[in-house]
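Enquirer: Sharing model_22.tsv here; it has TSV, C-alpha atoms.
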```tsv
chain	number	residue	atom	x	y	z
A	1	PRO	CA	45.99	-8.12	-56.31
A	2	PRO	CA	42.78	-9.22	-54.54
A	3	TYR	CA	42.63	-12.62	-56.27
A	4	THR	CA	45.19	-14.48	-54.17
A	5	PHE	CA	45.73	-16.01	-50.74
A	6	THR	CA	45.09	-13.83	-47.70
A	7	SER	CA	48.67	-13.67	-46.42
A	8	THR	CA	49.85	-11.48	-49.30
A	9	ALA	CA	47.68	-8.66	-47.99
A	10	THR	CA	47.78	-9.42	-44.26
A	11	SER	CA	51.58	-9.19	-44.37
A	12	VAL	CA	51.02	-5.51	-45.12
A	13	LEU	CA	48.74	-5.13	-42.10
A	14	MET	CA	51.30	-6.91	-39.92
A	15	ASN	CA	53.61	-3.99	-40.62
A	16	ASN	CA	50.91	-1.44	-39.72
A	17	ALA	CA	50.52	-0.44	-43.34
A	18	ILE	CA	47.35	-0.21	-45.44
A	19	PRO	CA	46.89	-2.59	-48.40
A	20	VAL	CA	45.54	-1.01	-51.58
A	21	PHE	CA	44.04	-3.53	-54.00
A	22	VAL	CA	44.50	-3.32	-57.77
A	23	ASP	CA	42.52	-5.47	-60.19
A	24	VAL	CA	43.97	-8.33	-62.21
A	25	ASP	CA	44.32	-9.32	-65.84
A	26	PRO	CA	41.35	-11.52	-66.86
A	27	LEU	CA	43.56	-13.99	-68.74
A	28	THR	CA	46.49	-14.57	-66.37
A	29	PHE	CA	44.73	-13.53	-63.10
A	30	ASN	CA	47.86	-11.54	-62.26
A	31	LEU	CA	48.19	-7.89	-61.27
A	32	ASP	CA	47.24	-5.61	-64.18
A	33	PRO	CA	50.13	-3.14	-64.65
A	34	GLY	CA	47.84	-0.78	-66.54
A	35	LYS	CA	45.85	-0.21	-63.36
A	36	VAL	CA	48.75	0.09	-60.93
A	37	GLU	CA	49.66	3.70	-61.66
A	38	ASP	CA	46.23	5.05	-60.74
A	39	ALA	CA	46.45	3.41	-57.30
A	40	ILE	CA	49.76	5.03	-56.36
A	41	THR	CA	49.70	7.98	-53.96
A	42	GLU	CA	52.35	9.88	-52.03
A	43	ARG	CA	51.91	7.30	-49.25
A	44	THR	CA	52.62	4.26	-51.43
A	45	LYS	CA	55.76	2.39	-50.39
A	46	ALA	CA	55.76	-0.84	-52.39
A	47	ILE	CA	54.12	-2.92	-55.10
A	48	ILE	CA	53.50	-6.62	-54.41
A	49	PRO	CA	52.86	-8.60	-57.60
A	50	VAL	CA	51.85	-12.24	-57.18
A	51	HIS	CA	52.98	-14.84	-59.72
A	52	LEU	CA	49.63	-16.54	-59.31
A	53	LEU	CA	49.05	-20.26	-59.86
A	54	GLY	CA	52.53	-20.58	-61.37
A	55	HIS	CA	52.19	-17.97	-64.15
A	56	PRO	CA	54.62	-15.01	-63.98
A	57	ALA	CA	53.17	-11.54	-63.55
A	58	GLU	CA	54.06	-8.85	-66.11
A	59	ILE	CA	57.04	-7.96	-64.02
A	60	ASP	CA	58.89	-5.74	-66.54
A	61	SER	CA	56.03	-3.24	-66.58
A	62	ILE	CA	55.75	-3.34	-62.80
A	63	ILE	CA	59.49	-2.76	-62.34
A	64	GLU	CA	59.35	0.18	-64.75
A	65	ILE	CA	56.56	1.82	-62.76
A	66	ALA	CA	58.33	1.14	-59.46
A	67	GLU	CA	61.63	2.61	-60.64
A	68	ARG	CA	59.94	5.71	-61.99
A	69	ARG	CA	57.94	6.21	-58.80
A	70	ARG	CA	60.78	5.10	-56.49
A	71	LEU	CA	58.90	2.19	-54.98
A	72	THR	CA	60.01	-1.18	-53.63
A	73	VAL	CA	58.92	-4.32	-55.49
A	74	ILE	CA	58.23	-7.44	-53.41
A	75	GLU	CA	57.54	-10.50	-55.56
A	76	ASP	CA	55.18	-13.10	-54.13
A	77	CYS	CA	56.57	-16.31	-55.65
A	78	ALA	CA	54.80	-18.73	-53.31
A	79	GLN	CA	53.09	-20.51	-56.20
A	80	ALA	CA	55.76	-20.12	-58.85
A	81	PRO	CA	59.20	-21.53	-57.93
A	82	GLY	CA	60.98	-22.21	-61.21
A	83	ALA	CA	58.62	-20.16	-63.39
A	84	LEU	CA	60.31	-18.03	-66.04
A	85	TYR	CA	59.59	-14.56	-67.36
A	86	LYS	CA	61.44	-13.86	-70.62
A	87	GLY	CA	63.90	-16.62	-69.73
A	88	LYS	CA	64.65	-15.34	-66.24
A	89	LYS	CA	63.41	-16.94	-63.02
A	90	VAL	CA	60.73	-15.17	-61.03
A	91	GLY	CA	62.03	-13.89	-57.74
A	92	THR	CA	65.08	-12.29	-59.35
A	93	PHE	CA	63.44	-9.06	-60.56
A	94	GLY	CA	62.29	-7.19	-57.46
A	95	HIS	CA	64.03	-5.88	-54.38
A	96	LEU	CA	62.71	-8.85	-52.40
A	97	ALA	CA	60.95	-12.11	-53.24
A	98	THR	CA	59.09	-14.50	-50.97
A	99	PHE	CA	58.59	-18.24	-51.47
A	100	SER	CA	56.40	-20.74	-49.64
A	101	PHE	CA	57.28	-24.38	-49.00
A	102	GLN	CA	53.90	-25.33	-47.51
A	103	LYS	CA	52.73	-28.86	-48.31
A	104	THR	CA	50.75	-28.05	-51.48
A	105	LYS	CA	53.50	-26.05	-53.16
A	106	ASN	CA	55.65	-27.14	-56.13
A	107	MET	CA	58.40	-27.99	-53.66
A	108	THR	CA	57.80	-28.44	-49.96
A	109	THR	CA	59.44	-28.67	-46.57
A	110	GLY	CA	56.07	-29.25	-44.91
A	111	GLU	CA	55.88	-25.63	-43.80
A	112	GLY	CA	58.12	-22.60	-44.05
A	113	GLY	CA	59.58	-20.56	-46.87
A	114	MET	CA	62.41	-18.27	-47.87
A	115	ILE	CA	63.20	-14.72	-48.92
A	116	LEU	CA	65.46	-13.79	-51.82
A	117	THR	CA	67.21	-10.45	-52.23
A	118	SER	CA	70.35	-9.17	-53.91
A	119	ASP	CA	70.51	-6.24	-51.48
A	120	SER	CA	72.91	-6.99	-48.61
A	121	ARG	CA	71.26	-4.37	-46.39
A	122	LEU	CA	67.83	-5.97	-46.81
A	123	ALA	CA	69.31	-9.44	-46.33
A	124	HIS	CA	70.87	-8.36	-43.04
A	125	ARG	CA	67.59	-6.89	-41.84
A	126	CYS	CA	65.70	-10.08	-42.77
A	127	ARG	CA	68.17	-12.15	-40.75
A	128	LEU	CA	67.61	-9.91	-37.74
A	129	ILE	CA	63.82	-10.12	-38.03
A	130	ARG	CA	64.03	-13.90	-38.37
A	131	ASN	CA	65.91	-14.24	-35.07
A	132	HIS	CA	64.28	-11.97	-32.45
A	133	GLY	CA	66.19	-8.96	-33.75
A	134	GLU	CA	69.54	-10.52	-32.81
A	135	GLN	CA	72.52	-10.72	-35.10
A	136	PHE	CA	73.95	-14.21	-34.90
A	137	MET	CA	77.02	-15.08	-36.95
A	138	GLU	CA	78.23	-18.65	-37.31
A	139	GLY	CA	81.55	-19.21	-35.55
A	140	GLN	CA	81.19	-16.12	-33.37
A	141	PRO	CA	80.05	-15.91	-29.73
A	142	ARG	CA	76.42	-14.96	-29.20
A	143	GLU	CA	76.03	-11.49	-27.69
A	144	TYR	CA	72.28	-11.58	-26.89
A	145	LEU	CA	72.03	-8.09	-28.34
A	146	ALA	CA	68.62	-7.19	-29.81
A	147	ASN	CA	69.04	-4.60	-32.54
A	148	ILE	CA	65.47	-4.30	-33.87
A	149	LEU	CA	62.04	-5.81	-33.25
A	150	GLY	CA	62.12	-9.41	-34.46
A	151	TRP	CA	60.34	-12.74	-34.21
A	152	ASN	CA	61.18	-16.42	-34.41
A	153	TYR	CA	60.94	-17.23	-38.11
A	154	ARG	CA	63.81	-19.71	-38.06
A	155	MET	CA	63.49	-22.82	-40.20
A	156	THR	CA	64.53	-26.06	-38.50
A	157	GLU	CA	67.53	-28.03	-39.75
A	158	MET	CA	65.26	-30.94	-40.67
A	159	GLU	CA	63.04	-28.73	-42.84
A	160	ALA	CA	66.09	-27.16	-44.46
A	161	ALA	CA	67.53	-30.59	-45.28
A	162	VAL	CA	64.25	-31.62	-46.90
A	163	GLY	CA	64.20	-28.34	-48.82
A	164	ILE	CA	67.69	-28.86	-50.23
A	165	GLU	CA	66.68	-32.25	-51.62
A	166	GLN	CA	63.35	-30.93	-52.88
A	167	LEU	CA	65.14	-28.14	-54.71
A	168	LYS	CA	67.14	-30.72	-56.66
A	169	LYS	CA	63.86	-32.27	-57.81
A	170	LEU	CA	61.98	-29.04	-58.54
A	171	ASP	CA	62.61	-28.93	-62.29
A	172	ASN	CA	61.38	-32.50	-62.67
A	173	PHE	CA	58.33	-31.81	-60.49
A	174	ASN	CA	57.50	-28.80	-62.64
A	175	GLU	CA	57.91	-30.71	-65.89
A	176	ILE	CA	55.39	-33.31	-64.69
A	177	ARG	CA	52.94	-30.51	-63.93
A	178	ILE	CA	53.53	-28.93	-67.34
A	179	ARG	CA	53.07	-32.25	-69.13
A	180	ASN	CA	49.82	-32.93	-67.31
A	181	ALA	CA	48.63	-29.36	-67.90
A	182	ASN	CA	49.39	-29.55	-71.62
A	183	TYR	CA	47.33	-32.72	-71.92
A	184	LEU	CA	44.41	-31.14	-70.08
A	185	THR	CA	44.59	-27.99	-72.17
A	186	LYS	CA	44.50	-29.97	-75.41
A	187	LYS	CA	41.49	-32.02	-74.34
A	188	LEU	CA	39.50	-29.35	-72.49
A	189	SER	CA	39.89	-26.97	-75.44
A	190	GLU	CA	37.56	-29.32	-77.30
A	191	ILE	CA	34.77	-28.78	-74.74
A	192	GLU	CA	32.71	-25.69	-75.49
A	193	GLY	CA	32.29	-23.45	-72.47
A	194	ILE	CA	35.45	-24.57	-70.64
A	195	ASN	CA	38.42	-22.22	-71.03
A	196	PRO	CA	41.85	-23.69	-70.19
A	197	PRO	CA	44.44	-21.44	-68.51
A	198	TYR	CA	46.14	-18.85	-70.70
A	199	CYS	CA	49.93	-18.64	-70.88
A	200	GLN	CA	51.82	-15.63	-72.19
A	201	PRO	CA	54.26	-16.60	-74.99
A	202	HIS	CA	57.19	-15.05	-73.08
A	203	ALA	CA	56.37	-16.91	-69.85
A	204	LYS	CA	56.97	-20.40	-68.50
A	205	HIS	CA	53.90	-21.40	-66.49
A	206	ILE	CA	54.70	-24.12	-63.93
A	207	PHE	CA	51.07	-24.79	-62.93
A	208	HIS	CA	50.91	-24.77	-59.17
A	209	ILE	CA	47.20	-25.13	-59.84
A	210	TYR	CA	45.45	-25.77	-63.16
A	211	ALA	CA	42.70	-23.13	-63.27
A	212	THR	CA	39.96	-23.09	-65.89
A	213	THR	CA	37.13	-20.63	-66.29
A	214	TYR	CA	33.69	-21.80	-67.30
A	215	GLU	CA	30.98	-19.99	-69.26
A	216	ARG	CA	27.69	-20.52	-67.48
A	217	GLU	CA	25.62	-19.36	-70.43
A	218	VAL	CA	27.21	-22.12	-72.53
A	219	ILE	CA	27.41	-24.92	-69.96
A	220	ASN	CA	23.99	-23.97	-68.55
A	221	LEU	CA	24.81	-25.21	-65.06
A	222	PRO	CA	25.41	-23.22	-61.87
A	223	LYS	CA	29.01	-23.32	-60.70
A	224	ASP	CA	28.20	-25.09	-57.46
A	225	THR	CA	26.38	-27.82	-59.39
A	226	LEU	CA	29.31	-28.32	-61.75
A	227	VAL	CA	31.76	-28.50	-58.83
A	228	TRP	CA	29.47	-30.90	-56.95
A	229	ALA	CA	29.20	-33.15	-60.01
A	230	LEU	CA	32.98	-33.24	-60.52
A	231	GLU	CA	33.44	-34.24	-56.89
A	232	ALA	CA	30.75	-36.90	-57.30
A	233	GLU	CA	32.82	-38.32	-60.17
A	234	GLY	CA	35.79	-38.61	-57.81
A	235	ILE	CA	37.68	-35.58	-59.10
A	236	PRO	CA	39.40	-33.40	-56.46
A	237	VAL	CA	38.35	-29.90	-57.47
A	238	TRP	CA	38.91	-26.39	-56.10
A	239	ALA	CA	36.23	-23.80	-56.79
A	240	GLY	CA	38.74	-20.94	-56.74
A	241	HIS	CA	38.77	-18.04	-54.32
A	242	PRO	CA	35.17	-17.47	-53.20
A	243	ARG	CA	35.56	-13.72	-52.80
A	244	PRO	CA	38.09	-10.92	-53.39
A	245	LEU	CA	40.41	-10.37	-50.45
A	246	TYR	CA	38.86	-7.00	-49.68
A	247	GLU	CA	35.50	-8.66	-48.96
A	248	ASN	CA	36.99	-10.59	-46.03
A	249	PRO	CA	35.94	-9.22	-42.61
A	250	ILE	CA	39.50	-8.32	-41.62
A	251	PHE	CA	39.51	-5.67	-44.37
A	252	LYS	CA	35.85	-4.83	-44.79
A	253	GLU	CA	35.18	-4.48	-41.06
A	254	ARG	CA	38.71	-3.30	-40.18
A	255	ILE	CA	39.16	-5.78	-37.34
A	256	VAL	CA	42.94	-6.14	-37.33
A	257	TYR	CA	43.59	-5.13	-33.71
A	258	GLY	CA	40.44	-5.75	-31.74
A	259	GLU	CA	37.68	-3.15	-32.07
A	260	ARG	CA	39.84	-0.05	-32.32
A	261	GLY	CA	40.23	-0.16	-36.09
A	262	CYS	CA	44.02	0.09	-36.16
A	263	PRO	CA	45.95	0.48	-38.37
A	264	PHE	CA	43.10	1.93	-40.45
A	265	ARG	CA	41.95	4.36	-37.75
A	266	CYS	CA	45.33	4.90	-36.16
A	267	GLY	CA	45.82	8.42	-34.85
A	268	PHE	CA	49.02	8.69	-36.86
A	269	TYR	CA	47.31	7.76	-40.14
A	270	ASN	CA	45.45	10.41	-42.11
A	271	GLY	CA	44.75	8.49	-45.30
A	272	GLY	CA	41.01	8.94	-45.18
A	273	VAL	CA	40.08	5.27	-45.07
A	274	GLU	CA	36.41	6.06	-44.54
A	275	GLY	CA	36.08	7.31	-48.11
A	276	SER	CA	35.83	10.98	-47.19
A	277	VAL	CA	38.90	12.32	-48.98
A	278	GLU	CA	40.83	11.77	-52.16
A	279	GLY	CA	43.17	8.79	-51.97
A	280	SER	CA	41.02	6.93	-49.47
A	281	VAL	CA	40.97	3.14	-49.19
A	282	ALA	CA	37.47	1.74	-49.63
A	283	TYR	CA	36.97	-2.02	-49.48
A	284	GLU	CA	33.62	-2.52	-51.18
A	285	LYS	CA	31.97	-4.52	-53.91
A	286	GLY	CA	32.84	-3.22	-57.36
A	287	LEU	CA	36.37	-2.21	-56.40
A	288	CYS	CA	37.95	-4.84	-58.68
A	289	PRO	CA	35.31	-6.12	-61.15
A	290	VAL	CA	37.60	-8.54	-62.99
A	291	THR	CA	38.47	-10.27	-59.73
A	292	GLU	CA	34.83	-10.42	-58.71
A	293	GLU	CA	33.96	-12.08	-62.02
A	294	LEU	CA	36.78	-14.61	-61.64
A	295	CYS	CA	35.39	-15.63	-58.26
A	296	GLU	CA	32.25	-16.72	-60.11
A	297	LYS	CA	33.99	-18.50	-62.99
A	298	VAL	CA	37.15	-20.30	-61.84
A	299	ILE	CA	37.17	-24.08	-61.46
A	300	ALA	CA	40.62	-25.47	-60.72
A	301	PHE	CA	42.56	-28.65	-60.05
A	302	TYR	CA	45.50	-29.53	-57.81
A	303	LEU	CA	45.56	-33.01	-59.33
A	304	ILE	CA	48.16	-32.10	-61.96
A	305	ARG	CA	50.98	-32.30	-59.40
A	306	PRO	CA	53.20	-35.39	-58.99
A	307	PRO	CA	52.58	-38.28	-58.80
A	308	ALA	CA	49.56	-37.62	-61.07
A	309	THR	CA	49.76	-39.15	-64.55
A	310	THR	CA	48.03	-38.82	-67.90
A	311	ARG	CA	45.47	-41.35	-66.65
A	312	ASP	CA	44.43	-38.91	-63.94
A	313	MET	CA	44.06	-36.16	-66.56
A	314	GLN	CA	41.90	-38.49	-68.64
A	315	ASP	CA	39.64	-38.92	-65.61
A	316	ILE	CA	39.17	-35.14	-65.38
A	317	VAL	CA	38.29	-34.89	-69.08
A	318	ALA	CA	35.93	-37.87	-68.85
A	319	ALA	CA	34.18	-36.30	-65.85
A	320	PHE	CA	33.63	-33.00	-67.67
A	321	THR	CA	32.35	-34.83	-70.75
A	322	LYS	CA	29.93	-36.98	-68.77
A	323	ILE	CA	28.58	-34.02	-66.81
A	324	ILE	CA	27.98	-31.86	-69.86
A	325	GLU	CA	26.36	-34.71	-71.80
A	326	ASN	CA	23.95	-35.25	-68.89
A	327	LYS	CA	23.53	-31.68	-67.68
A	328	GLU	CA	19.71	-31.62	-68.07
A	329	ARG	CA	19.29	-34.72	-65.93
A	330	LEU	CA	21.90	-33.43	-63.49
A	331	GLN	CA	20.11	-30.12	-63.02
A	332	GLU	CA	16.81	-31.92	-62.43
A	333	PHE	CA	18.48	-34.19	-59.88
A	334	ARG	CA	20.01	-31.27	-57.99
A	335	THR	CA	16.72	-29.38	-57.99
A	336	ILE	CA	14.81	-32.37	-56.60
A	337	ASN	CA	17.42	-32.99	-53.88
A	338	LYS	CA	17.52	-29.33	-52.86
A	339	ASP	CA	13.74	-29.33	-52.54
```
Would you encode the structure as structure tokens?

Expert:
Amino acid sequence: PPYTFTSTATSVLMNNAIPVFVDVDPLTFNLDPGKVEDAITERTKAIIPVHLLGHPAEIDSIIEIAERRRLTVIEDCAQAPGALYKGKKVGTFGHLATFSFQKTKNMTTGEGGMILTSDSRLAHRCRLIRNHGEQFMEGQPREYLANILGWNYRMTEMEAAVGIEQLKKLDNFNEIRIRNANYLTKKLSEIEGINPPYCQPHAKHIFHIYATTYEREVINLPKDTLVWALEAEGIPVWAGHPRPLYENPIFKERIVYGERGCPFRCGFYNGGVEGSVEGSVAYEKGLCPVTEELCEKVIAFYLIRPPATTRDMQDIVAAFTKIIENKERLQEFRTINKD
């Protein structure tokens, strides 16, 4: 999906593969399974659904497509530890699942993350990649034998210790987020033109971020003015992703490895990335219209995370109410100051 953080797609480039973007569902912002099939070619190796903002992707449909087309599924669970899809935790459906413990996440070790898999072969390969390609077994002498190309992705003992304790608190952390989100949803639903996040009935949303969409024709304020006004009221606000991933220079200008265009123009790749043949990869405006619209409409809040309380949620609601009640004066003020 192109509505997510950059690393989901750049991880593909880091393996000299070509990311193909598929548009998202307008309600959940997650990968739209109905559009996945059309993007699959004979070169496709994997599908990477993101459980965005804490809401599970429609993983059953994605798994069905992957099994039928013999593809690997890699779940991006960075924003959704503890989220449930039909009663089962995300990260337990695909062949592999990745989690992030960066400081803003639902549980944190400061930096770092983890990979889940039930495949012993994949687990072994991940351990090799993590440690310079060397197999290192506890209690056995180190052989300094590099088996494959690897890096240093080892987590420190201190970070791991923090992570173990954070994991014990994760359910409680998530419940605080859910409680705060439920309060916001109830109150913001009463404000015309502000759409609270949607949650599928078979999903447990754990609200890494609380993302609303706003209707400009109803609110009658530009997005940047609304965001500016919320910040002026002391509300920490995130304006959402400013552009689809494919509009970033690394994709649009194909600047992964200097000026040579690799892996897009690699001599071993004949995928027609310049748009000249069927199955080509073109990163251009209009590729994913739902995502492009979301970039114009999303206004989101990190403030729902612990130690935030109902009082903090009341502040968000009060700020929205004040802004909308005074939107004519606000627009005049912004116009004067811009001039």

Enquirer: What's the 9 Å shell around region 65-69 of chain A, counting only C-alpha atoms, without same-chain residues fewer than 4 positions away, as an MDAnalysis selection string?

Expert: chainID A and resid 33 36:37 40 46:47 60:61 73

Enquirer: Please tell me which residues are no farther than 9 Å from (38.5, -34.1, -59.7) in the file, counting only C-alpha atoms, and write them as an MDAnalysis selection string.

Expert: chainID A and resid 227 230:238 300:303 312 315:316 319

Enquirer: Find, counting all atoms listed in the file, the residue in A:Gly150, A:Pro141, A:Pro201, A:Pro307 that gets nearest to Gly87 (chain A).

Expert: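 Closest to Gly87 (chain A), using all atoms listed in the file: A:Pro201.
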
Enquirer: Can you pull out the residues contacting region 284-298 of chain A? Cut-off 6 Å, using only C-alpha atoms, and skip same-chain residues under 4 positions away; I want them as a PyMOL selection string.

Expert: chain A and resi 3+23+212-214+240-243

Enquirer: Under the rule that all atoms listed in the file are counted, which of A:Ala203, A:Met155, A:Val22, A:Leu96 is the nearest residue to Glu111 (chain A)?

Expert: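 Nearest to Glu111 (chain A): A:Met155.
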
Enquirer: Using all atoms listed in the file, which residue out of A:His95, A:Lys187, A:His51, A:Arg154 lies closest to Ala78 (chain A)?

Expert: A:His51

Enquirer: Between CA of Ile206 (chain A) and CA of Ala181 (chain A), what is the distance in Å, rounded to a tenth?

Expert: 8.9 Å

Enquirer: Please compute the CA of Ala146 (chain A)-CA of Arg130 (chain A) distance, one decimal, in Å.

Expert: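 These atoms are spaced 11.8 Å apart.
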
Enquirer: Write out as a PyMOL selection string each polymer residue whose atoms come within 10 Å of Val162 (chain A), counting all atoms listed in the file; drop sequence neighbours fewer than 2 positions from it.

Expert: chain A and resi 107-110+157-160+164-167

Enquirer: From the set A:Leu170, A:Cys126, A:Ile191, A:Ile178, which residue has the shortest atom-to-atom contact distance to Tyr153 (chain A), counting all atoms listed in the file?

Expert: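 Looking at the shortest contact to Tyr153 (chain A), the residue is A:Cys126.
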
Enquirer: Calculate how many Å separate CA of Glu247 (chain A) from CA of Ser7 (chain A), rounding to one decimal.

Expert: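 So the two atoms, CA of Glu247 (chain A) and CA of Ser7 (chain A), lie 14.3 Å apart.
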
Enquirer: For a quick check of understanding, using only C-alpha atoms, which of A:Lys186, A:Met114, A:Ile219, A:Thr10 has the smallest distance to Asn326 (chain A)?

Expert: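 Going through A:Lys186, A:Met114, A:Ile219, A:Thr10 one by one, the smallest distance to Asn326 (chain A) is for A:Ile219.
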
Enquirer: Point out the residue among A:Ile129, A:Ile115, A:Ala239, A:Met313 with the least atom-to-atom distance to Thr185 (chain A), counting all atoms listed in the file.

Expert: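 Looking only at the distances to Thr185 (chain A), the closest residue turns out to be A:Met313.
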
Enquirer: So which residues are close to (49.9, -22.9, -57.7), meaning at most 9 Å away in the file's coordinates with only C-alpha atoms counted, and can you show them as a VMD selection string?

Expert: chain A and resid 51 to 55 78 to 80 104 to 106 206 to 210 302

Enquirer: Need the shell around Ile250 (chain A): protein/DNA/RNA residues with any atom at most 10 Å away, counting all atoms listed in the file. Skip same-chain ones fewer than 5 positions apart. Format as a list of chain:residue names?

Expert: A:Thr6, A:Thr10, A:Leu13, A:Leu245, A:Ile255, A:Val256, A:Tyr257, A:Gly261

Enquirer: Can you pull out the residues contacting Gln200 (chain A)? Cut-off 10 Å, using all atoms listed in the file, and skip same-chain residues under 3 positions away; I want them as a ChimeraX atom specification.

Expert: /A:27-28,55-58,85-86,203-205

Enquirer: Mind writing the picked residues with C-alpha atoms as a PDB file, in the frame of the given file?

Expert:
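The result, written out as again.pdb:
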```
ATOM      1  CA  LEU A  27      43.560 -13.990 -68.740  1.00  0.00           C
ATOM      2  CA  THR A  28      46.490 -14.570 -66.370  1.00  0.00           C
ATOM      3  CA  HIS A  55      52.190 -17.970 -64.150  1.00  0.00           C
ATOM      4  CA  PRO A  56      54.620 -15.010 -63.980  1.00  0.00           C
ATOM      5  CA  ALA A  57      53.170 -11.540 -63.550  1.00  0.00           C
ATOM      6  CA  GLU A  58      54.060  -8.850 -66.110  1.00  0.00           C
ATOM      7  CA  TYR A  85      59.590 -14.560 -67.360  1.00  0.00           C
ATOM      8  CA  LYS A  86      61.440 -13.860 -70.620  1.00  0.00           C
ATOM      9  CA  ALA A 203      56.370 -16.910 -69.850  1.00  0.00           C
ATOM     10  CA  LYS A 204      56.970 -20.400 -68.500  1.00  0.00           C
ATOM     11  CA  HIS A 205      53.900 -21.400 -66.490  1.00  0.00           C
TER      12      HIS A 205
END
```

Enquirer: Taking all listed atoms of region 145-162 of chain A, build the axis-aligned box, pad each of the six sides by 6 Å, then write its centre and edge lengths in Å to one decimal as AutoDock Vina command-line options.

Expert:
```
--center_x 66.2 --center_y -18.0 --center_z -37.6 --size_x 23.7 --size_y 39.3 --size_z 30.6
```

Enquirer: Using the structure just given, write a file holding C-alpha atoms for region 40-86 of chain A, as a CSV table (one decimal), in the first residue's frame.

Expert:
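Okay, this is what ended up in selection_22.csv:
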```csv
chain,number,residue,atom,x,y,z
A,40,ILE,CA,0.2,-9.6,-9.7
A,41,THR,CA,2.4,-10.7,-12.6
A,42,GLU,CA,4.7,-13.6,-13.2
A,43,ARG,CA,7.5,-11.7,-11.5
A,44,THR,CA,5.5,-11.1,-8.2
A,45,LYS,CA,7.1,-12.8,-5.2
A,46,ALA,CA,5.2,-11.5,-2.2
A,47,ILE,CA,2.3,-9.4,-0.9
A,48,ILE,CA,3.0,-7.0,2.0
A,49,PRO,CA,-0.2,-5.9,3.8
A,50,VAL,CA,0.2,-3.2,6.5
A,51,HIS,CA,-2.0,-3.3,9.5
A,52,LEU,CA,-2.1,0.5,9.4
A,53,LEU,CA,-2.7,2.7,12.4
A,54,GLY,CA,-3.6,-0.3,14.5
A,55,HIS,CA,-6.4,-1.6,12.4
A,56,PRO,CA,-6.0,-5.2,10.9
A,57,ALA,CA,-5.9,-5.5,7.1
A,58,GLU,CA,-8.3,-7.9,5.4
A,59,ILE,CA,-5.8,-10.6,5.9
A,60,ASP,CA,-8.1,-13.6,5.0
A,61,SER,CA,-8.7,-12.4,1.5
A,62,ILE,CA,-5.0,-11.6,1.1
A,63,ILE,CA,-3.9,-15.1,2.3
A,64,GLU,CA,-6.4,-16.7,-0.1
A,65,ILE,CA,-5.0,-14.8,-3.1
A,66,ALA,CA,-1.4,-15.6,-2.0
A,67,GLU,CA,-2.1,-19.3,-1.6
A,68,ARG,CA,-3.8,-19.5,-5.0
A,69,ARG,CA,-1.0,-17.6,-6.7
A,70,ARG,CA,1.8,-19.2,-4.6
A,71,LEU,CA,3.1,-16.0,-3.1
A,72,THR,CA,4.7,-15.2,0.2
A,73,VAL,CA,2.8,-12.9,2.7
A,74,ILE,CA,4.8,-10.6,4.9
A,75,GLU,CA,2.7,-8.8,7.4
A,76,ASP,CA,3.8,-5.3,8.5
A,77,CYS,CA,2.6,-5.2,12.1
A,78,ALA,CA,4.7,-2.2,13.1
A,79,GLN,CA,1.6,-0.2,14.2
A,80,ALA,CA,-0.6,-3.0,15.4
A,81,PRO,CA,0.9,-5.2,18.1
A,82,GLY,CA,-2.0,-6.9,19.9
A,83,ALA,CA,-4.6,-6.1,17.2
A,84,LEU,CA,-7.0,-8.9,16.4
A,85,TYR,CA,-8.5,-10.1,13.2
A,86,LYS,CA,-11.4,-12.5,13.8
```
